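Shown next: upload36.cif, given as mmCIF, C-alpha atoms.
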data_my_file
loop_
_atom_site.label_atom_id
_atom_site.label_comp_id
_atom_site.auth_asym_id
_atom_site.auth_seq_id
_atom_site.Cartn_x
_atom_site.Cartn_y
_atom_site.Cartn_z
CA MET Y 1 108.67 121.85 109.39
CA ILE Y 2 107.01 118.49 110.12
CA SER Y 3 106.57 117.71 106.42
CA ARG Y 4 110.29 118.36 105.85
CA VAL Y 5 111.19 115.93 108.65
CA PHE Y 6 108.84 113.30 107.17
CA ASN Y 7 110.31 113.80 103.70
CA PHE Y 8 113.81 113.37 105.11
CA MET Y 9 112.74 110.19 106.91
CA LYS Y 10 111.04 108.81 103.82
CA GLU Y 11 114.09 109.38 101.68
CA SER Y 12 116.48 107.96 104.26
CA LYS Y 13 118.17 104.74 103.15
CA ALA Y 14 117.69 103.27 106.63
CA VAL Y 15 113.93 103.74 106.36
CA GLN Y 16 113.87 102.15 102.91
CA LEU Y 17 115.86 99.18 104.25
CA ASN Y 18 113.45 98.80 107.18
CA ASN Y 19 110.47 98.87 104.80
CA ASN Y 20 112.12 96.13 102.72
CA LEU Y 21 112.72 94.04 105.85
CA PHE Y 22 109.03 94.28 106.76
CA LEU Y 23 108.02 93.33 103.23
CA ASP Y 24 110.42 90.36 103.38
CA LEU Y 25 108.57 89.19 106.50
CA LEU Y 26 105.41 88.94 104.42
CA SER Y 27 106.93 86.32 102.15
CA ALA Y 28 108.38 84.29 105.02
CA ALA Y 29 106.97 80.98 106.18
CA PRO Y 30 103.67 81.29 108.12
CA SER Y 31 105.40 80.34 111.37
CA ALA Y 32 107.81 83.27 110.94
CA LYS Y 33 105.07 85.87 110.55
CA PRO Y 34 104.52 88.22 113.50
CA LYS Y 35 102.05 87.11 116.14
CA PRO Y 36 99.05 89.46 116.39
CA LEU Y 37 99.52 91.95 119.21
CA LEU Y 38 96.79 94.37 118.17
CA ASP Y 39 93.21 93.83 117.13
CA VAL Y 40 92.75 96.81 114.78
CA PHE Y 41 95.01 99.17 112.84
CA ILE Y 42 93.29 102.46 111.93
CA ASN Y 43 94.68 103.89 108.69
CA HIS Y 44 93.53 107.48 108.13
CA ARG Y 45 94.50 110.96 106.94
CA GLY Y 46 95.03 112.93 110.12
CA THR Y 47 94.16 116.36 108.72
CA ASP Y 48 90.75 115.06 107.61
CA THR Y 49 89.70 112.55 110.24
CA LYS Y 50 91.92 112.48 113.33
CA ARG Y 51 89.70 114.87 115.32
CA ASN Y 52 86.49 113.08 114.49
CA ILE Y 53 85.91 109.60 113.06
CA ALA Y 54 89.38 108.12 113.68
CA THR Y 55 89.60 109.12 117.35
CA LEU Y 56 85.95 108.28 118.06
CA LEU Y 57 86.44 104.85 116.48
CA TYR Y 58 89.59 104.28 118.54
CA ASP Y 59 87.78 105.25 121.76
CA ASN Y 60 84.76 103.07 120.90
CA LEU Y 61 86.99 100.05 120.26
CA ARG Y 62 88.90 100.63 123.51
CA SER Y 63 85.59 100.76 125.40
CA ARG Y 64 84.89 97.29 124.00
CA ASN Y 65 88.18 96.01 125.46
CA LEU Y 66 89.84 95.73 122.06
CA ARG Y 67 93.41 96.73 121.23
CA PRO Y 68 93.28 99.33 118.42
CA PHE Y 69 96.24 101.26 117.02
CA LEU Y 70 95.97 104.96 116.19
CA ASP Y 71 99.24 106.82 115.69
CA CYS Y 72 98.44 109.79 117.94
CA LYS Y 73 97.26 107.46 120.74
CA ASN Y 74 99.85 104.67 120.57
CA MET Y 75 103.06 106.45 119.58
CA LYS Y 76 105.18 108.63 121.81
CA PRO Y 77 108.13 110.97 121.29
CA GLY Y 78 111.22 109.02 120.34
CA ASP Y 79 109.38 106.20 118.51
CA LYS Y 80 110.71 105.46 115.04
CA LEU Y 81 107.83 106.35 112.75
CA PHE Y 82 108.06 103.71 110.03
CA ASP Y 83 109.26 100.93 112.34
CA HIS Y 84 106.43 101.48 114.80
CA ILE Y 85 103.69 101.83 112.19
CA ASN Y 86 104.91 98.93 110.03
CA SER Y 87 105.09 96.70 113.10
CA ALA Y 88 101.58 97.76 114.18
CA ILE Y 89 100.20 96.88 110.74
CA LEU Y 90 101.90 93.49 110.62
CA THR Y 91 100.86 92.55 114.16
CA SER Y 92 97.21 93.61 113.87
CA LYS Y 93 94.36 91.29 112.95
CA VAL Y 94 92.09 93.72 111.09
CA ALA Y 95 92.66 97.06 109.37
CA VAL Y 96 90.24 99.93 109.00
CA THR Y 97 91.01 102.36 106.18
CA VAL Y 98 89.28 105.71 106.56
CA PHE Y 99 89.32 107.21 103.06
CA SER Y 100 88.80 110.98 102.93
CA PRO Y 101 89.27 113.82 100.41
CA ASN Y 102 92.98 114.36 101.17
CA TYR Y 103 93.87 110.71 101.82
CA CYS Y 104 95.57 110.10 98.47
CA ASP Y 105 97.80 113.17 98.87
CA SER Y 106 99.66 111.48 101.71
CA TYR Y 107 102.69 109.24 101.20
CA PHE Y 108 102.17 107.82 104.68
CA CYS Y 109 98.52 106.87 104.12
CA LEU Y 110 99.36 105.17 100.83
CA HIS Y 111 102.39 103.39 102.28
CA GLU Y 112 100.27 102.06 105.14
CA LEU Y 113 97.52 100.98 102.74
CA ALA Y 114 99.99 99.15 100.50
CA LEU Y 115 101.48 97.29 103.47
CA ILE Y 116 98.00 96.43 104.76
CA MET Y 117 96.95 94.99 101.39
CA GLU Y 118 100.25 93.16 100.86
CA SER Y 119 99.99 91.55 104.29
CA ARG Y 120 96.51 90.24 103.36
CA LYS Y 121 94.75 91.80 106.32
CA ARG Y 122 90.98 91.73 106.64
CA VAL Y 123 90.14 95.30 105.59
CA ILE Y 124 87.10 97.41 106.44
CA PRO Y 125 86.98 100.60 104.35
CA ILE Y 126 85.11 103.69 105.49
CA PHE Y 127 84.53 106.22 102.73
CA CYS Y 128 84.24 109.55 104.54
CA ASP Y 129 83.08 112.43 102.35
CA ILE Y 130 84.41 110.68 99.25
CA LYS Y 131 83.22 107.97 96.85
CA PRO Y 132 85.45 105.02 95.90
CA SER Y 133 85.39 106.18 92.26
CA GLN Y 134 86.94 109.52 93.33
CA LEU Y 135 90.01 107.91 94.88
CA ASP Y 136 93.22 108.05 92.86
CA VAL Y 137 96.88 108.41 93.73
CA THR Y 138 97.52 112.15 93.54
CA ILE Y 139 100.90 112.20 95.23
CA GLU Y 140 103.56 114.01 93.22
CA ARG Y 141 105.99 111.94 91.19
CA LEU Y 142 108.84 113.95 92.72
CA THR Y 143 107.90 112.53 96.12
CA CYS Y 144 108.21 108.84 95.26
CA SER Y 145 109.37 106.48 92.53
CA ASP Y 146 107.27 105.06 89.70
CA ASP Y 147 107.44 101.66 91.42
CA GLU Y 148 105.96 103.13 94.60
CA ILE Y 149 103.19 104.89 92.66
CA HIS Y 150 102.36 101.59 90.91
CA ARG Y 151 102.36 99.82 94.31
CA PHE Y 152 100.06 102.48 95.77
CA ARG Y 153 97.67 102.34 92.80
CA ARG Y 154 97.45 98.55 93.03
CA ALA Y 155 96.68 98.69 96.77
CA LEU Y 156 94.14 101.48 96.29
CA GLN Y 157 92.34 99.58 93.53
CA GLU Y 158 92.19 96.46 95.67
CA ALA Y 159 90.80 98.45 98.61
CA LYS Y 160 88.20 100.20 96.42
CA ASP Y 161 86.86 96.77 95.42
CA ILE Y 162 85.99 95.92 99.05
CA VAL Y 163 82.50 96.68 100.30
CA GLY Y 164 82.76 99.40 102.90
CA LEU Y 165 80.82 101.90 104.95
CA THR Y 166 80.07 105.41 103.73
CA PHE Y 167 79.74 108.59 105.72
CA ASP Y 168 78.70 112.06 104.59
CA SER Y 169 79.60 114.60 107.27
CA TYR Y 170 76.89 117.02 106.06
CA ARG Y 171 74.03 114.53 106.39
CA GLY Y 172 75.30 111.58 108.38
CA ASN Y 173 75.34 110.73 112.06
CA LEU Y 174 78.97 110.33 113.16
CA SER Y 175 78.09 108.39 116.30
CA GLU Y 176 76.03 105.95 114.23
CA VAL Y 177 78.77 105.21 111.69
CA VAL Y 178 81.34 104.71 114.48
CA THR Y 179 79.02 102.24 116.23
CA ILE Y 180 78.30 100.36 113.00
CA ALA Y 181 82.01 100.24 112.12
CA SER Y 182 82.84 98.93 115.60
CA ASP Y 183 80.16 96.23 115.29
CA VAL Y 184 81.57 95.15 111.91
CA ILE Y 185 85.10 95.03 113.33
CA VAL Y 186 83.95 92.81 116.21
CA GLU Y 187 82.21 90.49 113.71
CA ARG Y 188 85.39 90.23 111.61
CA LEU Y 189 87.50 89.50 114.69
CA VAL Y 190 85.10 86.74 115.74
CA GLU Y 191 85.28 85.27 112.22
CA LEU Y 192 89.08 85.30 112.33
CA GLU Y 193 89.08 83.60 115.74
CA ALA Y 194 86.75 80.91 114.39
CA GLU Y 195 88.95 80.42 111.29
CA ASP Y 196 92.03 80.03 113.49
CA GLY Y 197 90.24 77.47 115.65
CA ASN Y 198 90.65 79.59 118.76
CA PHE Y 199 87.00 80.30 119.30
#
Output the file's structure in the form of structure tokens.
Amino acid sequence: MISRVFNFMKESKAVQLNNNLFLDLLSAAPSAKPKPLLDVFINHRGTDTKRNIATLLYDNLRSRNLRPFLDCKNMKPGDKLFDHINSAILTSKVAVTVFSPNYCDSYFCLHELALIMESRKRVIPIFCDIKPSQLDVTIERLTCSDDEIHRFRRALQEAKDIVGLTFDSYRGNLSEVVTIASDVIVERLVELEAEDGNF
């Protein structure tokens, strides 16, 4: 049922227009770009990571007085899915992409990743139970256009070329990787503050 609702929303012309408006914002003058309202956007595949690494990372960042965004924590019934998520991406300072075995099967994950890369966010990848070389767009061509698949592949390739953290759920310590990821996020935020002259 939920997947049918998401497919309807994705195919809706209004949603496509809203996505185009957000992408138009990216090419606007720097003064017209959205002011950061969030510190971190957590991009993840819910079925793989929502009950473990994504939620633990969110909670760890909140305990450090940061403003993270995680869909299940920040959205409420009645919120427009694409509008809310697109806005959160564009108004965040840093993005964390949690790559997992089923990540590339999700239109939503790939859409978020493409918008993150196109908005030139500082990205911190976490490869959870998957190697960068194993990532490829596996979404069905019936689900999206060739242009979207090309856009997703370009964003995925760019993300795979960023040094990230790795986690193997069979051998790794989840608490340790969440702490390390949080430390790296704080470092990146401090760097961004220094670059903006606000530190």
Matched chain/residue IDs from the PyMOL selection byres ((chain Y and resi 123) around 12), as a PyMOL selection string: chain Y and resi 40-43+89+92-98+113-122+124-126+155-156+158-165+181+184-185+188-189
Output of the PyMOL selection byres ((chain Y and resi 178) around 12), listed as JSON, numbers by chain: {"Y": [52, 53, 54, 55, 56, 57, 58, 59, 60, 61, 96, 98, 126, 128, 165, 166, 167, 172, 173, 174, 175, 176, 177, 179, 180, 181, 182, 183, 184, 185]}
Between CA of Ser169 (chain Y) and CA of Asp39 (chain Y), what distance in Å does the model show, to one decimal? 26.7 Å
What's the separation between CA of Thr47 (chain Y) and CA of Arg154 (chain Y), in Å to one decimal place?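 Between these atoms lies a distance of 24.0 Å.
Around His150 (chain Y), within 12 Å and counting only C-alpha atoms, the residues found are Leu110, His111, Ala114, Asp136, Val137, Thr138, Ile139, Arg141, Cys144, Ser145, Asp146, Arg154, Ala155, Leu156 and Gln157 of chain Y, once anything fewer than 4 positions away on its own chain is removed.
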Any idea what the distance is between CA of Asp196 (chain Y) and CA of Phe82 (chain Y)?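 One can read the CA of Asp196 (chain Y) to CA of Phe82 (chain Y) distance as 28.8 Å.
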The PyMOL selection byres ((chain Y and resi 100) around 10) applied to the shown file, residues as a VMD selection string: chain Y and resid 44 to 49 97 to 99 101 to 104 126 to 132 134 to 135 167
Where's the centre, and what are the edge lengths in Å to one decimal, of a box along x, y and z enclosing all listed atoms of region 96-113 of chain Y padded 5 Å per side, as lines of an AutoDock Vina configuration file?
center_x = 95.7
center_y = 107.1
center_z = 103.7
size_x = 23.9
size_y = 24.4
size_z = 20.5
